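Containing mmCIF, C-alpha atoms: entry-v4.cif.
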data_start
#
loop_
_atom_site.label_atom_id
_atom_site.label_comp_id
_atom_site.auth_asym_id
_atom_site.auth_seq_id
_atom_site.Cartn_x
_atom_site.Cartn_y
_atom_site.Cartn_z
CA MET A 1 102.65 87.24 109.68
CA GLU A 2 104.67 90.46 109.62
CA PRO A 3 104.62 91.86 113.20
CA LEU A 4 103.73 95.44 114.03
CA SER A 5 106.64 97.74 114.75
CA LEU A 6 105.04 98.63 118.09
CA HIS A 7 104.01 95.08 118.99
CA PHE A 8 105.61 95.24 122.44
CA LEU A 9 103.74 98.44 123.37
CA HIS A 10 100.42 96.95 122.33
CA GLU A 11 101.20 93.76 124.21
CA GLN A 12 101.78 95.79 127.37
CA ALA A 13 98.36 97.40 126.83
CA GLY A 14 96.62 94.01 126.73
CA ALA A 15 96.24 93.78 122.97
CA ARG A 16 94.94 90.70 121.22
CA PHE A 17 96.43 90.30 117.76
CA GLN A 18 95.16 88.92 114.47
CA ASP A 19 96.29 88.52 110.89
CA VAL A 20 95.10 90.62 107.95
CA ASN A 21 96.58 89.65 104.58
CA GLY A 22 99.82 88.48 106.14
CA ARG A 23 100.34 91.47 108.42
CA GLU A 24 99.73 91.67 112.14
CA VAL A 25 97.04 94.01 113.46
CA VAL A 26 95.67 94.64 116.93
CA GLY A 27 92.24 93.03 117.00
CA ASP A 28 91.23 94.72 120.25
CA TYR A 29 92.49 95.76 123.67
CA GLY A 30 89.89 93.80 125.62
CA ASP A 31 86.94 96.20 125.48
CA GLY A 32 85.80 96.91 121.93
CA GLY A 33 82.78 98.85 123.16
CA ALA A 34 84.95 101.33 125.04
CA GLU A 35 87.23 101.69 122.02
CA TYR A 36 84.24 102.39 119.78
CA ARG A 37 82.79 104.96 122.20
CA ALA A 38 86.13 106.78 122.43
CA ALA A 39 86.12 107.19 118.64
CA ARG A 40 82.56 108.49 118.75
CA GLU A 41 82.70 110.66 121.87
CA ALA A 42 86.34 111.53 122.64
CA VAL A 43 89.43 110.41 120.71
CA ALA A 44 90.88 107.04 119.70
CA LEU A 45 94.33 106.11 118.39
CA HIS A 46 94.72 103.26 115.91
CA ASP A 47 98.02 101.71 114.83
CA ALA A 48 97.63 101.37 111.05
CA THR A 49 101.31 100.65 110.42
CA TYR A 50 100.22 97.32 108.89
CA ARG A 51 99.43 99.32 105.75
CA GLU A 52 101.94 99.10 102.91
CA ALA A 53 103.45 101.86 100.78
CA LEU A 54 105.20 102.51 97.48
CA ARG A 55 107.11 105.57 96.31
CA ILE A 56 107.43 106.70 92.71
CA THR A 57 110.36 108.91 91.73
CA GLY A 58 111.60 110.31 88.43
CA GLU A 59 110.70 113.24 86.17
CA ASP A 60 107.73 111.41 84.62
CA ARG A 61 106.29 110.09 87.89
CA ALA A 62 103.15 112.24 87.83
CA SER A 63 102.30 111.73 84.16
CA PHE A 64 102.93 107.98 84.47
CA LEU A 65 100.71 107.49 87.51
CA HIS A 66 98.11 109.85 86.04
CA GLY A 67 97.56 107.34 83.24
CA MET A 68 97.31 104.41 85.65
CA VAL A 69 94.64 105.52 88.12
CA THR A 70 91.07 106.83 88.04
CA GLN A 71 91.87 110.11 89.78
CA GLU A 72 93.70 113.32 88.87
CA VAL A 73 97.45 113.15 89.61
CA LYS A 74 99.17 115.64 87.29
CA GLY A 75 97.11 118.51 88.69
CA LEU A 76 97.56 117.47 92.31
CA ALA A 77 99.33 120.18 94.27
CA SER A 78 102.54 119.40 96.11
CA GLY A 79 101.66 118.23 99.59
CA ALA A 80 98.09 117.31 98.64
CA ALA A 81 96.49 113.87 98.81
CA THR A 82 93.77 112.08 96.87
CA TYR A 83 92.06 108.72 96.73
CA ALA A 84 92.11 106.63 93.55
CA ALA A 85 91.48 103.19 92.13
CA MET A 86 93.63 101.15 89.79
CA ILE A 87 91.58 99.14 87.30
CA THR A 88 92.14 96.79 84.40
CA VAL A 89 91.22 97.51 80.78
CA LYS A 90 87.92 95.76 81.58
CA GLY A 91 87.22 98.17 84.43
CA ALA A 92 87.73 95.69 87.29
CA MET A 93 89.68 96.83 90.32
CA VAL A 94 93.31 95.92 90.92
CA ALA A 95 93.61 97.95 94.14
CA ASP A 96 92.84 101.30 95.70
CA ALA A 97 95.33 103.79 97.08
CA ARG A 98 95.73 107.09 98.84
CA ILE A 99 98.18 109.12 96.78
CA VAL A 100 100.24 111.88 98.37
CA ARG A 101 102.20 114.20 96.09
CA ARG A 102 105.41 115.23 97.85
CA GLU A 103 108.18 117.45 96.53
CA THR A 104 110.43 114.64 95.31
CA ASP A 105 108.08 111.68 94.90
CA LEU A 106 104.57 110.30 94.87
CA LEU A 107 103.57 108.16 97.85
CA LEU A 108 100.99 105.38 97.48
CA ASP A 109 99.43 104.30 100.77
CA LEU A 110 97.95 100.81 100.33
CA GLU A 111 95.93 98.13 102.09
CA PRO A 112 97.98 95.42 103.86
CA GLY A 113 99.31 92.78 101.51
CA MET A 114 98.84 94.91 98.38
CA GLY A 115 102.31 96.39 97.90
CA ALA A 116 103.74 93.65 95.67
CA LYS A 117 100.55 93.35 93.61
CA VAL A 118 100.35 97.09 92.92
CA ARG A 119 104.04 97.26 92.07
CA GLU A 120 103.65 94.40 89.59
CA PHE A 121 100.64 96.10 87.98
CA LEU A 122 102.43 99.43 87.60
CA GLU A 123 105.68 97.90 86.34
CA LYS A 124 103.75 96.08 83.62
CA TYR A 125 103.00 99.46 82.02
CA LEU A 126 106.27 101.21 82.88
CA ILE A 127 108.14 101.15 79.57
CA SER A 128 110.04 104.28 78.59
CA GLU A 129 108.95 106.76 81.25
CA ASP A 130 111.46 108.26 83.65
CA ALA A 131 109.80 106.77 86.72
CA GLU A 132 111.00 104.28 89.31
CA LEU A 133 109.09 102.32 91.96
CA HIS A 134 110.37 101.84 95.50
CA ASP A 135 109.02 99.85 98.45
CA ALA A 136 108.33 102.45 101.15
CA THR A 137 106.61 100.24 103.75
CA GLY A 138 109.73 100.20 105.88
CA GLU A 139 110.13 103.97 105.71
CA LEU A 140 106.94 105.21 107.35
CA GLY A 141 103.86 104.08 109.23
CA VAL A 142 100.32 105.40 109.62
CA LEU A 143 98.82 106.27 113.01
CA ARG A 144 95.12 107.11 112.82
CA LEU A 145 93.24 109.45 115.15
CA LEU A 146 89.43 109.42 115.25
CA GLY A 147 86.93 111.30 117.38
CA PRO A 148 85.73 114.83 118.22
CA ARG A 149 88.71 115.55 120.50
CA THR A 150 91.27 114.80 117.77
CA ALA A 151 92.09 118.46 117.10
CA ASP A 152 92.40 119.13 120.84
CA LEU A 153 94.89 116.30 121.21
CA LEU A 154 96.99 117.37 118.23
CA GLY A 155 96.98 120.94 119.50
CA ALA A 156 98.24 119.73 122.87
CA VAL A 157 101.11 117.67 121.45
CA GLN A 158 102.28 120.35 119.02
CA GLY A 159 101.89 123.20 121.52
CA SER A 160 99.57 125.35 119.39
CA PRO A 161 95.94 125.12 118.20
CA PHE A 162 95.31 122.53 115.51
CA THR A 163 92.73 123.47 112.88
CA PRO A 164 90.70 120.45 111.71
CA LEU A 165 91.72 119.05 108.32
CA PRO A 166 89.19 118.40 105.56
CA GLN A 167 89.38 115.09 103.69
CA ASP A 168 92.72 114.71 101.82
CA SER A 169 94.11 118.04 103.06
CA THR A 170 97.58 117.80 104.57
CA ARG A 171 99.69 119.70 107.05
CA ALA A 172 103.20 119.15 108.42
CA VAL A 173 103.22 118.90 112.22
CA THR A 174 105.85 118.12 114.84
CA VAL A 175 105.05 115.48 117.44
CA ALA A 176 107.63 114.35 120.00
CA GLY A 177 110.37 115.97 117.93
CA GLN A 178 109.32 114.05 114.81
CA GLU A 179 108.27 115.72 111.58
CA VAL A 180 105.05 113.99 110.52
CA LEU A 181 102.50 114.65 107.81
CA ALA A 182 98.90 114.97 108.99
CA VAL A 183 96.27 113.98 106.39
CA GLY A 184 92.54 114.59 106.76
CA THR A 185 90.74 111.22 106.80
CA THR A 186 87.12 112.08 107.45
CA ARG A 187 85.16 109.42 105.58
CA VAL A 188 85.17 106.87 108.41
CA GLU A 189 84.77 109.50 111.15
CA PRO A 190 84.22 113.25 110.58
CA ASN A 191 87.27 114.34 112.63
CA GLY A 192 89.73 111.70 111.42
CA VAL A 193 93.40 112.51 110.89
CA ASP A 194 96.11 110.11 109.73
CA LEU A 195 99.67 110.80 110.79
CA LEU A 196 102.36 109.58 108.39
CA VAL A 197 105.29 108.97 110.71
CA PRO A 198 108.88 107.90 109.95
CA ARG A 199 109.30 104.33 111.24
CA SER A 200 112.19 105.45 113.44
CA GLY A 201 109.89 107.88 115.25
CA LEU A 202 106.82 105.67 115.71
CA GLU A 203 107.45 104.75 119.33
CA ALA A 204 108.06 108.36 120.39
CA VAL A 205 104.96 109.64 118.58
CA TRP A 206 102.71 106.86 119.89
CA LYS A 207 103.84 107.42 123.47
CA ALA A 208 103.40 111.19 123.19
CA LEU A 209 99.87 110.84 121.85
CA MET A 210 98.92 108.29 124.50
CA ALA A 211 100.31 110.47 127.31
CA ALA A 212 98.68 113.70 126.14
CA GLY A 213 95.48 111.89 125.26
CA THR A 214 94.69 111.01 128.87
CA ALA A 215 93.23 114.49 129.34
CA PHE A 216 90.88 113.99 126.38
CA GLY A 217 89.62 110.47 127.08
CA LEU A 218 91.85 108.76 124.52
CA LYS A 219 91.82 105.00 124.12
CA PRO A 220 93.81 102.82 121.73
CA LEU A 221 91.54 101.48 118.99
CA GLY A 222 91.71 97.96 117.59
CA TRP A 223 90.85 96.61 114.15
CA LYS A 224 87.47 95.20 115.18
CA ALA A 225 86.13 98.52 116.46
CA LEU A 226 87.54 100.31 113.42
CA GLU A 227 85.66 97.88 111.18
CA VAL A 228 82.40 98.78 112.95
CA LEU A 229 83.05 102.47 112.33
CA ARG A 230 83.91 101.76 108.71
CA VAL A 231 80.74 99.77 108.09
CA GLU A 232 78.56 102.42 109.72
CA ALA A 233 80.18 105.05 107.50
CA GLY A 234 79.67 102.91 104.39
CA VAL A 235 83.35 102.94 103.45
CA PRO A 236 84.32 99.82 101.46
CA ARG A 237 87.66 98.12 102.01
CA PHE A 238 89.59 96.47 99.20
CA GLY A 239 89.98 92.76 99.87
CA GLN A 240 86.73 92.67 101.84
CA ASP A 241 84.04 94.72 100.09
CA MET A 242 85.91 95.17 96.83
CA GLY A 243 87.90 92.67 94.80
CA GLU A 244 89.18 91.82 91.37
CA THR A 245 85.67 91.69 89.85
CA THR A 246 84.47 94.99 91.35
CA ILE A 247 83.92 98.02 89.15
CA PRO A 248 84.52 101.18 91.23
CA LEU A 249 81.04 102.57 90.57
CA GLU A 250 79.51 99.45 92.13
CA ALA A 251 81.31 100.29 95.38
CA ASN A 252 80.14 103.94 95.36
CA LEU A 253 83.65 105.21 94.57
CA THR A 254 82.58 108.22 92.52
CA HIS A 255 84.90 110.35 94.70
CA ALA A 256 87.83 108.28 93.38
CA ILE A 257 87.08 109.12 89.74
CA SER A 258 87.96 112.21 87.72
CA TYR A 259 85.85 112.71 84.61
CA ASN A 260 88.05 115.51 83.26
CA LYS A 261 91.54 114.02 83.42
CA GLY A 262 91.87 112.31 80.06
CA CYS A 263 92.91 108.76 79.31
CA TYR A 264 93.76 106.09 81.87
CA ILE A 265 93.67 102.31 81.97
CA GLY A 266 90.01 101.19 82.01
CA GLN A 267 88.55 104.64 81.32
CA GLU A 268 86.25 103.42 78.55
CA VAL A 269 84.42 101.03 80.86
CA ILE A 270 83.88 103.74 83.51
CA ALA A 271 82.68 106.19 80.86
CA ARG A 272 80.17 103.69 79.41
CA ALA A 273 78.84 102.78 82.85
CA THR A 274 78.48 106.45 83.77
CA PHE A 275 76.69 107.25 80.51
CA ARG A 276 74.31 104.31 81.06
CA GLY A 277 73.39 105.89 84.40
CA HIS A 278 73.24 102.83 86.61
CA MET A 279 75.06 99.71 87.71
CA ASN A 280 73.28 96.37 88.02
CA ARG A 281 74.37 96.15 91.65
CA LYS A 282 75.59 98.60 94.25
CA LEU A 283 77.11 98.43 97.70
CA ALA A 284 74.43 99.04 100.34
CA GLY A 285 74.01 99.13 104.08
CA LEU A 286 72.26 96.22 105.79
CA LEU A 287 70.66 95.98 109.23
CA LEU A 288 70.43 92.44 110.62
CA GLY A 289 68.92 93.07 114.05
CA THR A 290 70.55 90.77 116.59
CA ASN A 291 71.36 88.10 114.00
CA GLU A 292 74.71 87.23 112.47
CA ALA A 293 75.80 86.35 108.96
CA ALA A 294 79.07 85.32 107.36
CA PRO A 295 80.69 87.39 104.62
CA GLY A 296 79.80 85.86 101.27
CA THR A 297 76.32 84.77 102.36
CA GLU A 298 73.73 85.22 99.63
CA LEU A 299 70.93 87.76 99.88
CA LYS A 300 67.61 86.67 98.38
CA LYS A 301 64.25 88.15 97.46
CA ASP A 302 61.37 85.74 96.91
CA GLY A 303 63.86 82.91 96.70
CA LYS A 304 66.00 84.56 94.01
CA LYS A 305 69.58 85.65 94.64
CA VAL A 306 69.84 89.45 94.52
CA GLY A 307 73.19 90.04 96.24
CA TRP A 308 75.59 88.98 98.95
CA VAL A 309 77.07 90.13 102.26
CA THR A 310 80.64 91.47 102.38
CA THR A 311 81.35 92.76 105.92
CA VAL A 312 79.45 92.06 109.15
CA ALA A 313 80.01 93.79 112.50
CA HIS A 314 78.19 94.31 115.79
CA SER A 315 77.62 97.99 116.51
CA PRO A 316 77.85 98.94 120.20
CA GLY A 317 76.25 102.28 119.37
CA LYS A 318 73.23 100.83 117.59
CA GLY A 319 72.98 97.65 119.63
CA LEU A 320 72.55 95.52 116.52
CA THR A 321 74.41 93.79 113.72
CA VAL A 322 75.31 96.02 110.79
CA ALA A 323 76.70 94.97 107.45
CA LEU A 324 77.71 95.97 103.96
CA GLY A 325 76.76 93.99 100.90
CA TYR A 326 76.00 94.18 97.20
CA VAL A 327 72.35 94.39 96.23
CA HIS A 328 70.72 94.33 92.80
CA ARG A 329 69.52 97.76 91.71
CA ASP A 330 65.87 96.63 91.78
CA HIS A 331 66.08 96.06 95.55
CA LEU A 332 68.12 99.04 96.76
CA GLU A 333 65.19 100.97 98.20
CA PRO A 334 65.81 101.59 101.93
CA GLY A 335 63.50 99.43 103.99
CA THR A 336 63.57 96.53 101.54
CA VAL A 337 63.71 93.26 103.48
CA LEU A 338 65.94 90.50 102.09
CA THR A 339 66.43 86.93 103.22
CA VAL A 340 69.94 86.08 104.38
CA GLY A 341 71.07 82.73 103.03
CA GLU A 342 68.39 80.08 103.51
CA GLY A 343 66.70 82.16 106.26
CA PRO A 344 65.08 82.76 108.61
CA THR A 345 67.54 85.65 109.19
CA GLU A 346 66.55 88.82 107.36
CA ALA A 347 68.43 91.97 106.39
CA THR A 348 66.88 95.39 105.88
CA VAL A 349 68.47 97.60 103.22
CA ALA A 350 69.56 100.98 104.58
CA ASN A 351 71.14 104.15 103.22
CA LEU A 352 74.86 104.75 103.65
CA PRO A 353 76.19 106.05 105.91
CA LEU A 354 73.98 103.98 108.16
CA PRO A 355 71.36 106.01 110.04
#

How does this structure look as structure tokens?
Amino acid sequence: MEPLSLHFLHEQAGARFQDVNGREVVGDYGDGGAEYRAAREAVALHDATYREALRITGEDRASFLHGMVTQEVKGLASGAATYAAMITVKGAMVADARIVRRETDLLLDLEPGMGAKVREFLEKYLISEDAELHDATGELGVLRLLGPRTADLLGAVQGSPFTPLPQDSTRAVTVAGQEVLAVGTTRVEPNGVDLLVPRSGLEAVWKALMAAGTAFGLKPLGWKALEVLRVEAGVPRFGQDMGETTIPLEANLTHAISYNKGCYIGQEVIARATFRGHMNRKLAGLLLGTNEAAPGTELKKDGKKVGWVTTVAHSPGKGLTVALGYVHRDHLEPGTVLTVGEGPTEATVANLPLP
């Protein structure tokens, strides 16, 4: 398990650690409910430096990546970000990525454990283009801020008002003497901002945010509480809710797809599925009351399998168990009651984000 760069700081704060795809994450700091409430009512700081990264350099970097992902890259402005999927010729996902176009390179921000797999996939198609792949995980780390006081905190640490950032918008800011790139990350929480920080400056930036955050009710946020927020928002995570058999449209990733960009690997499958107008199954929200279920558990209707559970979490805000799972299109109507496994536990289908 690859340890977090700031392991010792988290340890001092009472963190309990866990493994996610071979990388260490903070599971919680002892009170997941308080962490969750800070993200909903004040501000929370999450160490996401377990994420991995690749850089692409070379004159053909944009045109090369443009043909490899579902989203627009060539038309992406310098400094802008976007979210995209990488898929096979059969339309199944290889990975997802946040792509940031910088002046001299393209940065791919990836789920933990996905760096080598994505690099192998891209290199398979890199033939004559002037493009080169570099491991950038050791160069920068992601610190995530969530909660309605996020802009207040960033304004305090930079010494001037901070205007909230829409999803995928970016802005250079200085925190604790470090030049960092702030990226709007509003899908999990409406005020979310990710800070892309040079690894050498992580400790200084973390300490500055924690110190200034006292005035705004800041708490450090662990993985478990972040998962609750993610499930409630209906945001799928690759490796948990998406895998190598998932077609992006099944996971509600229409925002990751450009229909005007031209050819890319797997485009024909996406185009056919879009033209058909429906997928046989879609990711849906599930409400389980006070019951529990394990990821992978079948969902049934009248004894027939109609889906399965992918992520399960207990919501402190709702006081019940919430989940994501795939459900056959005939049973996606909110309010539909499904049997979990062999029963008697039941799950009620709900709209995403969860009400």

Which residues come within 12 Å of A:Leu9, counting only C-alpha atoms, excluding same-chain residues fewer than 6 positions away, as a ChimeraX atom specification? /A:15-16,26,29,47,202-204,206-207,210,220

Just-selected residues, C-alpha atoms written as a PDB file, in the frame of the given file:
ATOM      1  CA  ALA A  15      96.240  93.780 122.970  1.00  0.00           C
ATOM      2  CA  ARG A  16      94.940  90.700 121.220  1.00  0.00           C
ATOM      3  CA  VAL A  26      95.670  94.640 116.930  1.00  0.00           C
ATOM      4  CA  TYR A  29      92.490  95.760 123.670  1.00  0.00           C
ATOM      5  CA  ASP A  47      98.020 101.710 114.830  1.00  0.00           C
ATOM      6  CA  LEU A 202     106.820 105.670 115.710  1.00  0.00           C
ATOM      7  CA  GLU A 203     107.450 104.750 119.330  1.00  0.00           C
ATOM      8  CA  ALA A 204     108.060 108.360 120.390  1.00  0.00           C
ATOM      9  CA  TRP A 206     102.710 106.860 119.890  1.00  0.00           C
ATOM     10  CA  LYS A 207     103.840 107.420 123.470  1.00  0.00           C
ATOM     11  CA  MET A 210      98.920 108.290 124.500  1.00  0.00           C
ATOM     12  CA  PRO A 220      93.810 102.820 121.730  1.00  0.00           C
TER      13      PRO A 220
END

Quick one: residues within 10 Å of A:Asn21, only C-alpha atoms, excluding same-chain residues fewer than 6 positions away - as a list in words?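 Using only C-alpha atoms, the neighbours found are Met1, Glu2, Tyr50, Glu111, Pro112, Gly113, Met114 and Gly239 of chain A.
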
From the set A:Asp152, A:Glu72, A:Glu189, A:Asp28, which residue has the shortest atom-to-atom contact distance to A:Ser258, counting only C-alpha atoms? A:Glu72

Closest to A:Val235 among A:His255, A:Arg51, A:Arg187, A:Arg144, using all atoms listed in the file?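 The shortest atom-to-atom distance to A:Val235 comes from A:Arg187.
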
So that I can see what lies close to stretch 316-332 of chain A, please list as a CSV table (one decimal) with C-alpha atoms, in the coordinates of the input the residues with an atom at most 6 Å from it, counting only C-alpha atoms and leaving out residues fewer than 2 positions away in the same chain.
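Result file is out-v3.csv:
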chain,number,residue,atom,x,y,z
A,33,GLY,CA,82.8,98.8,123.2
A,280,ASN,CA,73.3,96.4,88.0
A,281,ARG,CA,74.4,96.2,91.6
A,282,LYS,CA,75.6,98.6,94.2
A,283,LEU,CA,77.1,98.4,97.7
A,284,ALA,CA,74.4,99.0,100.3
A,285,GLY,CA,74.0,99.1,104.1
A,286,LEU,CA,72.3,96.2,105.8
A,287,LEU,CA,70.7,96.0,109.2
A,288,LEU,CA,70.4,92.4,110.6
A,289,GLY,CA,68.9,93.1,114.0
A,290,THR,CA,70.6,90.8,116.6
A,306,VAL,CA,69.8,89.4,94.5
A,307,GLY,CA,73.2,90.0,96.2
A,308,TRP,CA,75.6,89.0,99.0
A,309,VAL,CA,77.1,90.1,102.3
A,310,THR,CA,80.6,91.5,102.4
A,311,THR,CA,81.4,92.8,105.9
A,312,VAL,CA,79.4,92.1,109.2
A,313,ALA,CA,80.0,93.8,112.5
A,314,HIS,CA,78.2,94.3,115.8

Taking 3 positions as the minimum chain separation for residues in the same chain, which residues sit within 8 Å of A:Val175 when counting only C-alpha atoms? Answer as an MDAnalysis selection string. chainID A and resid 157:158 178:180 205 208

Would you output that residue set with C-alpha atoms, as a PDB file, in the frame of the given file?
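Final output, part-v3.pdb:
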ATOM      1  CA  VAL A 157     101.110 117.670 121.450  1.00  0.00           C
ATOM      2  CA  GLN A 158     102.280 120.350 119.020  1.00  0.00           C
ATOM      3  CA  GLN A 178     109.320 114.050 114.810  1.00  0.00           C
ATOM      4  CA  GLU A 179     108.270 115.720 111.580  1.00  0.00           C
ATOM      5  CA  VAL A 180     105.050 113.990 110.520  1.00  0.00           C
ATOM      6  CA  VAL A 205     104.960 109.640 118.580  1.00  0.00           C
ATOM      7  CA  ALA A 208     103.400 111.190 123.190  1.00  0.00           C
TER       8      ALA A 208
END
